[in-house]
Amino acid sequence: MTSLKRAIVDTSTDSGLANKVFLRSSRGKCVKVVREIYLRQDIPCSSHLCVPCTADAVPDANGRVKPFILSATPPKTSAYPNGHYLVPDTNIFLYCMDVMEHKSAFHDVVVLQTVLDELRNRSLPLYNRLRGLTNSEDKRFYVFHNDFRKETYVKRYPGESINDRNDRAIRAACRWYTSHLQEAVAGSKTKVPMIVMLSDDKANLNLARNDGIECTNIRDYVKGFDNADELLDMISASLEDQEARAGRGDMLYPEYYSMSKMQTGIRSGTMHQGTFNVSPYNFLEGTIHVPAFDRPLIVLGRENINRAVTGDLVVVELLPKDQWKQPSSKIVEEEALGKNDNAETEGPEVIETEQERRALIDEAKRSQQGSAEGRPQPTAKVVGIIKRNWRYYVGHIDPSSVAKSKGRGQQTVFLLPMDKRIPKIRIRTRQASEITGKRIVVSIDTWDRTSRYPVGHYVRSLGELETKGAETEALLLEYDVQYRPFPKAVLDCLPREGHDWVVPPMDDPRWKGRVDYRDKLICSIDPPGCQDIDDALHATLLPNGNYEVGVHIADVTHFVKPNTPMDDEATARGTTVYLVDKRIDMLPMLLGTDLCSLKPYVERFAFSTIWEITPDADIISVKFNKSAIKSREAFSYEQAQLRIDDKSQQDELTQGMRILLQLSKKLKQKRMDAGALNLASPEVRIEADSETSDPIDVKTKQLLETNSLVEEFMLLANISVATKIYDAFPQTAMLRRHGAPPATNFEDLQKQLQVRKGLSLRVDSSKALADSLDECVDSKEPFFNTLVRILATRCMLSAEYFCSGTQAYPEFRHYGLASEIYTHFTSPIRRYADVVAHRQLAAAIDYEPLHPMFHSKSKLEAICKNINVRHRNAQFAGRASVEYYVGQALKARGMAQEEAFVMKVFSNGIVVFVPRFGIEGVVKVGEMMGVQNGEKAELDEEKFVLSVGERRLGLFEKVKVEVKDELEEASGKRKIAIKLLD
Amino acid sequence: MPLLSPPEYSYLRTSLLSEPPIRPDLRSLTAFRPLAAELTLLPTTHGSSRLFLPDGSECIVGIKPELSAHPSFEVSIEIAGLRDDDPMAVLLAGMVADTIRAQVHERLRTSGNWSSGAAEGMETAGGAQTRGRPWGWKLYIDVVVVSPPASHPGGLVSLAVHLALRDLRLPKLVSAPEEDPVFDDDYEACEWLFPREAGAGGIPAVREGGKGMNKADTPAVTVLVAAVGDNVLFDPTREEMVVADCVAAVSVTRDGSVGGLRMLETGSGGENGGVGRKVVNRIVKEVGVAAGGLFESLDQIVRTSI
């Protein structure tokens with residue numbers, strides 16, 4: 001028998017063809033991946049020194065040759081007097097990205113394809129950051145496709161691990177670069193820059209040295225710079241003596257299970273996967289919501305939390321039943337308990353300090369006592385981490401952890417994060433004295449089994465604590481708000497006319513499909529000082545006795561076209577963020593506050609919704625049009641209210657507003673009858689000094705009838721648009737839903753109301769809830785109703801954007817508004833969801849075709865997911881900003897005595913809500929006036945009463961408190977301190 | 001229309017019965033038609049082979065593995081021009097599976113992490129296993145007979161499957177038996193299902209006639225033989241099958257022991273119909289004797305393909 005087998009040629013050297021074979025598994029299936037690699041010889045080295053490469057460079061499809069990146073005169077250092085190009089390995093990018101991004105060092109870097117691919121597999125965010133670096137012109141990072149260049153391609157040896165192969169590829173590339181550049185400049189006087197391999201792998205460095213390749217580890221490299229201290233601090237701690245640490249035997253935390261063991265466990269139902277959340281009141285208590293249980297599982301104590309940080313995707317295992325507990329009834333703060341920890345420990349540590357252990361035991365006892373009524377709840381322990389969601393954390397150095405004597409030497413200090421749910425982070429620094437008292441940004445690198453606290457490294461400093469700039473930036477960072485200025489690519493998308501843009505004459509193509517509403521008497525009503533006016537209204541009486549009502553929304557999509565850099569930026573930002581003294585725009589100023597904004601007295605493009613409405617507020621018809629309008633006036637809520645109330649004003653504009661007001665009252669009544677909820681959230685307004693913009697006073701926001709006028713018509717417009725776009729795009733409409741909260745969410749509140757006030761809360765429908773909330777009144781205490789509404793709001797789910805194809809129609813329902821379908825349409829200047837709704841509506845009325853991107857369900861889902869997150873973060877950031885300013889206002893006023901209400905009772909303190917400032921705060925037993933230290937506090941969990949000595953504090957009770965802004969001695973942290981009076 | 005006219009039929013039968021018998025293509029009785037083979041030709045399968053005869057019959061086999069709690073294999077055969085539920089395809093698949101079952105199962109049980117003691121553990125624990133079980137491989141053997149076969153494709157398919165199995169490499173499992181399976185992503189780390197070289201299978205070998213491999217080291221093959229009178233001819237052509245007393249598919253292992261015998265056609269050519277016990281014995285004996293040479297040639301193909 002003969003074989004027809006083709007002869008095997010040695011493909012790696014001759015034919016420019018190589019094979020790469022590897023296996024990949026997907027759900028138990030085994031896929032063999034075969035790649036043919038066509039090796040080339042024309043991939044340039046991209047150095048300006050190299051003439052042959054410049055001549056040979058192959059143009060791309062557009063006939064352009066990519067400009068060369070590496071400088072002909074790379075930076076010189078004492079070690080490399082001729083200048084040098086850096087070739088880092090993967091670990092350098094993995095652990096030292098922060099320092100690579102530093103402006104003062106690391107220029108002319110060759111990023112090998114091998115390294116880039118490996119980095120992408122290890123960490124996508126880091127990969128994206130590296131891509132950002134390669135795109136920035138001043139850093140001069142060049143991606144060299146070494147695996148496609150014939151001379152630098154290396155074949156994996158049999159039995160060689162992929163890491164070894166990659167290291168070898170890096171060395172081969174270094175060798176090639178050196179010889180290539182030498183050839184290139186041979187004969188000229190130019191000195192060849194050094195090719196320096198940067199690695200932290202000892203074995204790799206040794207091999208490189210034996211090969212005669214210039215190499216160094218990153219620490220030695222950085223030491224040559226002037227700002228070495230700062231740069232060294234930015235190198236991840238995990239890169240440090242990994243071997244040494246592994247050698248130290250004392251393991252504090254249990255080891256994580258292997259990934260495959262966890263997967264097996266999850267599949268068989270013995271383990272559960274979910275996002276880990278730490279309680280804001282007790283840092284030793286976490287909860288994790290898993291699909292298998294209705295209520296979240298509780299994770300108690302450091303050992304069970306096992307190095308999980310809030311936000312991580314973890315796997316937990318249930319603990320035996322005798323370890324089940326009730327959720328904690330105690331306030332536990334890390335600062336108070338771990339005050340005496342030493343940051344600089346080398347020896348073994350205990351994970352739970354004696355104090356912490358005592359706190360836990362107390363609690364266990366308590367839950368045993370209470371177990372007659374409140375049954376203990378299942379607890380769990382973390383056995384592994386699927387995905388870390390570590391980000392940058394903002395905080396400040398714990399001054400007590402800084403050793404004064406050490407001066408400029410390296411020392412380990414604690415960083416206290418702003419977010420209480422994050423544990424202290426241990427960082428090594430050589431600049432302790434400089435960064436103490438500053439807001440600094442750090443990132444967590446590792447959390448070893450041997451270390452009680454996570455270890456991180458310094459990233460940068462935002463400035464002095466408590467300066468407005470530093471605190472605002474800290475806030476934005478904490479809530480992941482994009483606050484950098486708009487890049488040039490985005491600004492290039494703006495209309496060329498700039499502020500001179502005007503509505504074009506009627507024969508302009510931009511008028512195609514647009515109607516002229518410039519003769520209608522339109523006005524806008526907004527908060528005072530509003531610049532980005534999204535919406536304007538008008539109403540007139542029709543001859544048939546009905547009313548014509550129009551809502552006109554800024555035509556943002558006329559300026560923001562899909563798939564442009566501006567649109568991408570807006571997608572990423574998702575929403576405008578309003579801080580007390582600052583606005584982080586979603587769209588560039590020119591659009592937001594001028595061209596799109598429906599300013600008075602000028603003509604603007606708009607997207608109009610016009611209804612015919614009967615005097616009983618029944619809707620007869622609705623039509624949608626792109627239009628041009630001219631707003632006659634921009635009112636503030638107060639001005640509008642005054643104008644309506646002023647009987648002497650009888651002009652048409654005012655009449656129109658009166659019609660709007662009447663109709664809005666009827667609409668509201670209809671909505672309430674359908675079961676819409678009137679929910680409360682504490683809202684305050686900061687009065688600022690007009691010149692310094694320092695806060696001087698805090699006022700609770702006043703709600704006028706005109707507020708609800710605007711709100712009603714916006715809701716109406718949103719609902720009408722939602723119906724229309726769902727009709728046109730049943731699979732891909734951008735909608736907003738508010739799920740009905742599960743009844744279990746209300747259990748605690750129901751019980752508390754029953755016990756304390758004898759009131760019952762019915763939660764079977766939004767209507768029932770709305771009615772019973774109305775009944776929750778205390779004749780002596782008008783605020784009580786608001787308090788209950790605030791608490792009820794916290795029991796509910798948050799509303800979310802979604803793409804209509806992902807849910808069944810009954811799930812579309814907006815619980816709070818009692819509407820079957822809802823979307824956001826009315827604020828396209830400040831919300832991206834509205835922009836999408838605009839585009840879909842424009843397509844639905846055949847104004848313009850929909851960009852294919854918005855036909856894709858998965859694309860829309862990704863957009864929804866992002867804007868949901870951005871939306872929530874924007875709210876948090878806004879609230880935190882108010883809180884900060886309340887503190888500043890208090891600082892200006894010294895202190896204030898206010899009424900407060902008890903919102904929650906713990907066994908060692910209470911949480912009170914201060915309506916005047918819209919803040920809530922913790923009052924611990926020890927901090928109550930008239931309580932001697934050591935006096936026993938007793939919590940009656942049945943009755944929700946905390947007795948301290950003679951004093952009895954019941955839930956929902958009114959108390960008098962003293963609120964003041966206080967500097968904590970120990971941590972140097974300023975916070976709002978609340979003390980109980982009388 | 002019958003394949004042969006009566007004179008042709010008579011001429012062919014007579015020449016096969018004569019002493020020494022003369023086959024139309026002048027082959028000796030035990031010689032196969034010249035076969036051409038190619039291995040490892042489908043890059044994304046884990047083992048593949050292609051085999052064809054001068055008359056244009058051609059067969060391609062590809063094998064893909066999947067992790068499974070129960071090591072097993074499936075054979076599916078597609079014959080050009082026939083429906084896939086055609087009795088011929090179904091019969092052939094069954095025949096091929098029967099032929100290789102013993103050896104493939106034996107090898108699969110020692111591959112994966114079935115071998116690491118967990119297998120016994122599971123058996124003793126009975127059905128009480130809730131978490132984790134050892135993992136092994138399930139093989140999907142896909143056979144395509146490319147052109148409508150000019151003669152019975154049984155022998156061709158069996159040989160192609162044999163070669164593909166010997167070309168098969170399975171990923172190396174790196175996970176412990178009680179865990180979900182994870183394998184090494186390096187293709188170079190794959191292990192041959194059947195040992196490439198003598199004694200490499202890890203089974204204490206009963207060496208056979210200096211060939212260095214024992215019968216479990218290679219899968220069995222099925223050969224087609226036809227009996228005409230006292231003569232047993234191997235790998236009969238279509239014309240030879242028509243004039244034969246009987247045609248049998250015989251599966252044989254490396255050591256020459258016959259594992260199975262299936263009559264495909266009987267009695268069409270015999271004077272008195274039926275097949276005598278003597279003829280069957282003769283077939284078994286002849287196949288046993290020829291097995292050595294057959295496996296040697298197969299080894300040769302495998303060797304040259306590396």
# chains A, B, ... in the order shown; residues from 1 in each chain; ligands from 1
>>> interface_residues(of="chain B", to="chain A", cutoff="8 Å", atoms="only C-alpha atoms", output="JSON list (two decimals) with N, CA and C atoms, in the first residue's frame")
[["chain", "number", "residue", "atom", "x", "y", "z"],
["B", 34, "PRO", "N", -4.86, -2.64, -4.73],
["B", 34, "PRO", "CA", -3.95, -1.60, -4.21],
["B", 34, "PRO", "C", -4.75, -0.48, -3.54],
["B", 35, "LEU", "N", -4.37, -0.19, -2.33],
["B", 35, "LEU", "CA", -5.06, 0.84, -1.55],
["B", 35, "LEU", "C", -4.15, 2.04, -1.43],
["B", 36, "ALA", "N", -4.73, 3.20, -1.50],
["B", 36, "ALA", "CA", -3.94, 4.40, -1.20],
["B", 36, "ALA", "C", -4.56, 5.05, 0.04],
["B", 37, "ALA", "N", -3.70, 5.52, 0.93],
["B", 37, "ALA", "CA", -4.21, 6.07, 2.19],
["B", 37, "ALA", "C", -3.53, 7.37, 2.53],
["B", 38, "GLU", "N", -4.24, 8.17, 3.26],
["B", 38, "GLU", "CA", -3.69, 9.44, 3.73],
["B", 38, "GLU", "C", -4.21, 9.65, 5.15],
["B", 39, "LEU", "N", -3.35, 10.12, 6.03],
["B", 39, "LEU", "CA", -3.78, 10.32, 7.42],
["B", 39, "LEU", "C", -3.69, 11.80, 7.80],
["B", 43, "PRO", "N", -7.82, 19.02, 9.32],
["B", 43, "PRO", "CA", -7.08, 19.67, 10.40],
["B", 43, "PRO", "C", -7.89, 19.84, 11.69],
["B", 44, "THR", "N", -9.19, 20.01, 11.58],
["B", 44, "THR", "CA", -9.92, 20.29, 12.82],
["B", 44, "THR", "C", -10.48, 19.05, 13.49],
["B", 45, "THR", "N", -10.23, 17.89, 12.91],
["B", 45, "THR", "CA", -10.61, 16.69, 13.64],
["B", 45, "THR", "C", -9.41, 16.24, 14.46],
["B", 46, "HIS", "N", -9.67, 15.33, 15.35],
["B", 46, "HIS", "CA", -8.57, 14.85, 16.19],
["B", 46, "HIS", "C", -7.89, 13.62, 15.62],
["B", 65, "PRO", "N", -13.69, 14.10, 19.64],
["B", 65, "PRO", "CA", -14.00, 13.64, 20.99],
["B", 65, "PRO", "C", -14.87, 14.65, 21.74],
["B", 66, "GLU", "N", -15.54, 14.17, 22.75],
["B", 66, "GLU", "CA", -16.28, 15.05, 23.64],
["B", 66, "GLU", "C", -16.15, 14.47, 25.04],
["B", 67, "LEU", "N", -16.07, 15.33, 26.03],
["B", 67, "LEU", "CA", -15.95, 14.82, 27.39],
["B", 67, "LEU", "C", -17.29, 14.28, 27.84],
["B", 68, "SER", "N", -17.24, 13.17, 28.51],
["B", 68, "SER", "CA", -18.49, 12.55, 28.91],
["B", 68, "SER", "C", -18.22, 11.75, 30.17],
["B", 130, "THR", "N", -22.91, 12.01, 44.23],
["B", 130, "THR", "CA", -23.65, 13.22, 43.89],
["B", 130, "THR", "C", -22.73, 14.22, 43.24],
["B", 131, "ARG", "N", -21.55, 14.32, 43.75],
["B", 131, "ARG", "CA", -20.67, 15.36, 43.24],
["B", 131, "ARG", "C", -19.48, 14.74, 42.56],
["B", 132, "GLY", "N", -19.32, 15.10, 41.34],
["B", 132, "GLY", "CA", -18.12, 14.70, 40.66],
["B", 132, "GLY", "C", -18.11, 13.24, 40.31],
["B", 171, "PRO", "N", -6.98, 15.16, 23.94],
["B", 171, "PRO", "CA", -6.40, 16.14, 24.86],
["B", 171, "PRO", "C", -6.09, 15.52, 26.21],
["B", 175, "SER", "N", -7.51, 18.03, 35.07],
["B", 175, "SER", "CA", -8.30, 18.21, 36.30],
["B", 175, "SER", "C", -8.36, 16.90, 37.08],
["B", 178, "GLU", "N", -12.70, 14.34, 40.53],
["B", 178, "GLU", "CA", -14.00, 14.78, 41.03],
["B", 178, "GLU", "C", -14.40, 16.15, 40.52],
["B", 179, "GLU", "N", -13.52, 16.75, 39.75],
["B", 179, "GLU", "CA", -13.83, 18.10, 39.28],
["B", 179, "GLU", "C", -14.39, 18.08, 37.87],
["B", 180, "ASP", "N", -14.93, 19.22, 37.48],
["B", 180, "ASP", "CA", -15.34, 19.36, 36.09],
["B", 180, "ASP", "C", -14.09, 19.28, 35.23],
["B", 181, "PRO", "N", -14.25, 18.70, 34.07],
["B", 181, "PRO", "CA", -13.05, 18.43, 33.28],
["B", 181, "PRO", "C", -12.40, 19.68, 32.72],
["B", 182, "VAL", "N", -11.12, 19.71, 32.81],
["B", 182, "VAL", "CA", -10.33, 20.77, 32.19],
["B", 182, "VAL", "C", -9.16, 20.09, 31.52],
["B", 183, "PHE", "N", -8.91, 20.46, 30.27],
["B", 183, "PHE", "CA", -7.78, 19.79, 29.63],
["B", 183, "PHE", "C", -6.72, 20.78, 29.19],
["B", 184, "ASP", "N", -5.56, 20.25, 28.94],
["B", 184, "ASP", "CA", -4.41, 21.04, 28.52],
["B", 184, "ASP", "C", -4.70, 21.64, 27.15],
["B", 185, "ASP", "N", -4.42, 22.93, 27.00],
["B", 185, "ASP", "CA", -4.74, 23.54, 25.71],
["B", 185, "ASP", "C", -3.64, 23.35, 24.67],
["B", 186, "ASP", "N", -2.58, 22.73, 25.08],
["B", 186, "ASP", "CA", -1.46, 22.51, 24.16],
["B", 186, "ASP", "C", -1.74, 21.25, 23.35],
["B", 187, "TYR", "N", -1.84, 21.42, 22.04],
["B", 187, "TYR", "CA", -2.15, 20.26, 21.22],
["B", 187, "TYR", "C", -1.01, 19.25, 21.27],
["B", 188, "GLU", "N", 0.18, 19.76, 21.46],
["B", 188, "GLU", "CA", 1.34, 18.87, 21.53],
["B", 188, "GLU", "C", 1.27, 17.92, 22.71],
["B", 189, "ALA", "N", 0.50, 18.31, 23.71],
["B", 189, "ALA", "CA", 0.43, 17.46, 24.91],
["B", 189, "ALA", "C", -0.59, 16.34, 24.77],
["B", 297, "SER", "N", 1.04, -4.08, 6.99],
["B", 297, "SER", "CA", 0.91, -3.01, 6.01],
["B", 297, "SER", "C", 0.24, -1.79, 6.63],
["B", 301, "ILE", "N", 1.59, 2.16, 6.93],
["B", 301, "ILE", "CA", 0.92, 3.43, 6.59],
["B", 301, "ILE", "C", 1.02, 4.41, 7.75],
["B", 304, "THR", "N", 4.58, 5.82, 8.12],
["B", 304, "THR", "CA", 5.01, 6.81, 7.13],
["B", 304, "THR", "C", 4.26, 8.12, 7.27],
["B", 305, "SER", "N", 3.16, 8.10, 7.99],
["B", 305, "SER", "CA", 2.37, 9.34, 8.08],
["B", 305, "SER", "C", 2.89, 10.28, 9.16]]
>>> select_by_dssp(residues="region 445-548 of chain A", states="strand (DSSP E or B)", output="PyMOL selection string")
chain A and resi 445-446+455-464+514-516+522-526+535-541+547-548
>>> write_last_selection(atoms="C-alpha atoms", output="PDB file, in the first residue's frame")
ATOM      1  CA  ASP A 445      -3.325  44.565  43.692  1.00  0.00           C
ATOM      2  CA  THR A 446      -3.741  41.391  45.663  1.00  0.00           C
ATOM      3  CA  VAL A 455      -2.439  45.219  49.447  1.00  0.00           C
ATOM      4  CA  GLY A 456      -2.483  48.000  46.926  1.00  0.00           C
ATOM      5  CA  HIS A 457      -0.436  50.759  45.439  1.00  0.00           C
ATOM      6  CA  TYR A 458      -0.579  54.502  45.118  1.00  0.00           C
ATOM      7  CA  VAL A 459      -1.886  55.846  41.820  1.00  0.00           C
ATOM      8  CA  ARG A 460      -2.106  59.585  42.217  1.00  0.00           C
ATOM      9  CA  SER A 461      -3.029  62.369  44.529  1.00  0.00           C
ATOM     10  CA  LEU A 462      -6.098  64.544  44.021  1.00  0.00           C
ATOM     11  CA  GLY A 463      -5.067  67.305  46.378  1.00  0.00           C
ATOM     12  CA  GLU A 464      -5.516  68.377  49.944  1.00  0.00           C
ATOM     13  CA  ARG A 514     -40.096  69.025   9.376  1.00  0.00           C
ATOM     14  CA  VAL A 515     -43.166  71.078  10.248  1.00  0.00           C
ATOM     15  CA  ASP A 516     -43.238  74.717  11.182  1.00  0.00           C
ATOM     16  CA  ILE A 522     -44.689  77.868  23.401  1.00  0.00           C
ATOM     17  CA  CYS A 523     -42.933  78.370  26.690  1.00  0.00           C
ATOM     18  CA  SER A 524     -40.654  76.342  28.928  1.00  0.00           C
ATOM     19  CA  ILE A 525     -40.824  75.828  32.680  1.00  0.00           C
ATOM     20  CA  ASP A 526     -37.697  74.640  34.465  1.00  0.00           C
ATOM     21  CA  ASP A 535     -38.679  70.619  26.931  1.00  0.00           C
ATOM     22  CA  ALA A 536     -41.252  73.281  26.164  1.00  0.00           C
ATOM     23  CA  LEU A 537     -45.043  73.228  26.127  1.00  0.00           C
ATOM     24  CA  HIS A 538     -48.048  74.887  24.612  1.00  0.00           C
ATOM     25  CA  ALA A 539     -51.825  74.517  24.771  1.00  0.00           C
ATOM     26  CA  THR A 540     -54.694  76.159  22.889  1.00  0.00           C
ATOM     27  CA  LEU A 541     -58.416  75.773  22.776  1.00  0.00           C
ATOM     28  CA  TYR A 547     -57.609  71.345  23.604  1.00  0.00           C
ATOM     29  CA  GLU A 548     -54.489  71.035  21.542  1.00  0.00           C
TER      30      GLU A 548
END
>>> select_by_dssp(residues="region 246-300 of chain B", states="alpha helix (DSSP H)", output="ChimeraX atom specification")
/B:277-300
>>> write_last_selection(atoms="C-alpha atoms", output="PDB file, in the first residue's frame")
ATOM      1  CA  ARG B 277     -19.163 -25.710   7.855  1.00  0.00           C
ATOM      2  CA  LYS B 278     -15.956 -26.670   6.087  1.00  0.00           C
ATOM      3  CA  VAL B 279     -15.994 -23.487   4.055  1.00  0.00           C
ATOM      4  CA  VAL B 280     -16.551 -21.332   7.156  1.00  0.00           C
ATOM      5  CA  ASN B 281     -13.671 -23.026   8.938  1.00  0.00           C
ATOM      6  CA  ARG B 282     -11.500 -22.445   5.964  1.00  0.00           C
ATOM      7  CA  ILE B 283     -12.420 -18.766   5.838  1.00  0.00           C
ATOM      8  CA  VAL B 284     -11.592 -18.313   9.528  1.00  0.00           C
ATOM      9  CA  LYS B 285      -8.293 -20.056   9.103  1.00  0.00           C
ATOM     10  CA  GLU B 286      -7.274 -18.138   6.015  1.00  0.00           C
ATOM     11  CA  VAL B 287      -8.142 -14.784   7.551  1.00  0.00           C
ATOM     12  CA  GLY B 288      -6.217 -15.642  10.691  1.00  0.00           C
ATOM     13  CA  VAL B 289      -3.152 -16.449   8.676  1.00  0.00           C
ATOM     14  CA  ALA B 290      -3.370 -13.334   6.524  1.00  0.00           C
ATOM     15  CA  ALA B 291      -3.925 -10.987   9.487  1.00  0.00           C
ATOM     16  CA  GLY B 292      -0.237 -10.653  10.225  1.00  0.00           C
ATOM     17  CA  GLY B 293       0.590  -9.284   6.797  1.00  0.00           C
ATOM     18  CA  LEU B 294      -2.452  -7.062   6.795  1.00  0.00           C
ATOM     19  CA  PHE B 295      -1.603  -5.387  10.087  1.00  0.00           C
ATOM     20  CA  GLU B 296       1.976  -5.008   9.049  1.00  0.00           C
ATOM     21  CA  SER B 297       0.909  -3.006   6.010  1.00  0.00           C
ATOM     22  CA  LEU B 298      -1.387  -0.899   8.160  1.00  0.00           C
ATOM     23  CA  ASP B 299       1.518  -0.235  10.552  1.00  0.00           C
ATOM     24  CA  GLN B 300       3.518   0.819   7.553  1.00  0.00           C
TER      25      GLN B 300
END
>>> atom_distance(atom1="CA of Pro376 (chain A)", atom2="CA of Asp940 (chain A)")
16.6 Å
>>> residues_around(residues="Ala89 (chain B)", least_positions_apart="4", cutoff="7 Å", atoms="only C-alpha atoms", output="ChimeraX atom specification")
/B:77-79,84-85,93
>>> residues_around(residues="region 757-769 of chain A", least_positions_apart="6", cutoff="8 Å", atoms="only C-alpha atoms", output="PDB file with N, CA and C atoms, in the first residue's frame")
ATOM      1  N   ASP A 673     -55.602  57.311  40.442  1.00  0.00           N
ATOM      2  CA  ASP A 673     -56.685  56.328  40.506  1.00  0.00           C
ATOM      3  C   ASP A 673     -56.222  54.983  39.968  1.00  0.00           C
ATOM      4  N   ALA A 674     -55.315  55.034  39.014  1.00  0.00           N
ATOM      5  CA  ALA A 674     -54.822  53.779  38.451  1.00  0.00           C
ATOM      6  C   ALA A 674     -53.809  53.109  39.378  1.00  0.00           C
ATOM      7  N   GLY A 675     -53.398  53.811  40.422  1.00  0.00           N
ATOM      8  CA  GLY A 675     -52.493  53.187  41.382  1.00  0.00           C
ATOM      9  C   GLY A 675     -51.070  53.671  41.301  1.00  0.00           C
ATOM     10  N   ALA A 676     -50.858  54.859  40.754  1.00  0.00           N
ATOM     11  CA  ALA A 676     -49.493  55.373  40.733  1.00  0.00           C
ATOM     12  C   ALA A 676     -49.064  55.742  42.148  1.00  0.00           C
ATOM     13  N   LEU A 677     -47.810  55.591  42.412  1.00  0.00           N
ATOM     14  CA  LEU A 677     -47.306  55.837  43.759  1.00  0.00           C
ATOM     15  C   LEU A 677     -46.776  57.249  43.856  1.00  0.00           C
ATOM     16  N   ALA A 740     -42.445  45.092  39.803  1.00  0.00           N
ATOM     17  CA  ALA A 740     -43.170  45.077  41.069  1.00  0.00           C
ATOM     18  C   ALA A 740     -42.272  44.457  42.124  1.00  0.00           C
ATOM     19  N   ALA A 743     -43.124  40.824  47.654  1.00  0.00           N
ATOM     20  CA  ALA A 743     -43.766  41.173  48.925  1.00  0.00           C
ATOM     21  C   ALA A 743     -42.803  41.034  50.098  1.00  0.00           C
ATOM     22  N   PHE A 746     -41.107  44.044  51.763  1.00  0.00           N
ATOM     23  CA  PHE A 746     -41.822  44.948  52.668  1.00  0.00           C
ATOM     24  C   PHE A 746     -42.005  44.359  54.062  1.00  0.00           C
ATOM     25  N   GLN A 750     -43.545  46.348  57.195  1.00  0.00           N
ATOM     26  CA  GLN A 750     -44.909  46.016  57.610  1.00  0.00           C
ATOM     27  C   GLN A 750     -44.968  45.706  59.096  1.00  0.00           C
ATOM     28  N   CYS A 776     -51.116  55.986  56.169  1.00  0.00           N
ATOM     29  CA  CYS A 776     -50.067  56.008  57.188  1.00  0.00           C
ATOM     30  C   CYS A 776     -49.817  57.439  57.636  1.00  0.00           C
ATOM     31  N   TYR A 815     -44.179  50.057  37.676  1.00  0.00           N
ATOM     32  CA  TYR A 815     -44.913  49.891  38.920  1.00  0.00           C
ATOM     33  C   TYR A 815     -45.217  51.237  39.569  1.00  0.00           C
ATOM     34  N   GLY A 816     -44.219  52.072  39.668  1.00  0.00           N
ATOM     35  CA  GLY A 816     -44.396  53.341  40.365  1.00  0.00           C
ATOM     36  C   GLY A 816     -45.369  54.266  39.661  1.00  0.00           C
ATOM     37  N   ALA A 818     -47.615  53.208  37.479  1.00  0.00           N
ATOM     38  CA  ALA A 818     -48.797  52.438  37.123  1.00  0.00           C
ATOM     39  C   ALA A 818     -49.109  52.590  35.638  1.00  0.00           C
TER      40      ALA A 818
END
>>> atom_distance(atom1="CA of Lys150 (chain A)", atom2="CA of Leu112 (chain A)")
14.1 Å
>>> residues_around(residues="Phe225 (chain A)", least_positions_apart="5", cutoff="9 Å", atoms="only C-alpha atoms", output="ChimeraX atom specification")
/A:77,105,231
>>> closest_residue(among="B:Leu4, B:Val161, B:Val96, B:Val145", to="Gly56 (chain B)", atoms="only C-alpha atoms")
B:Val145
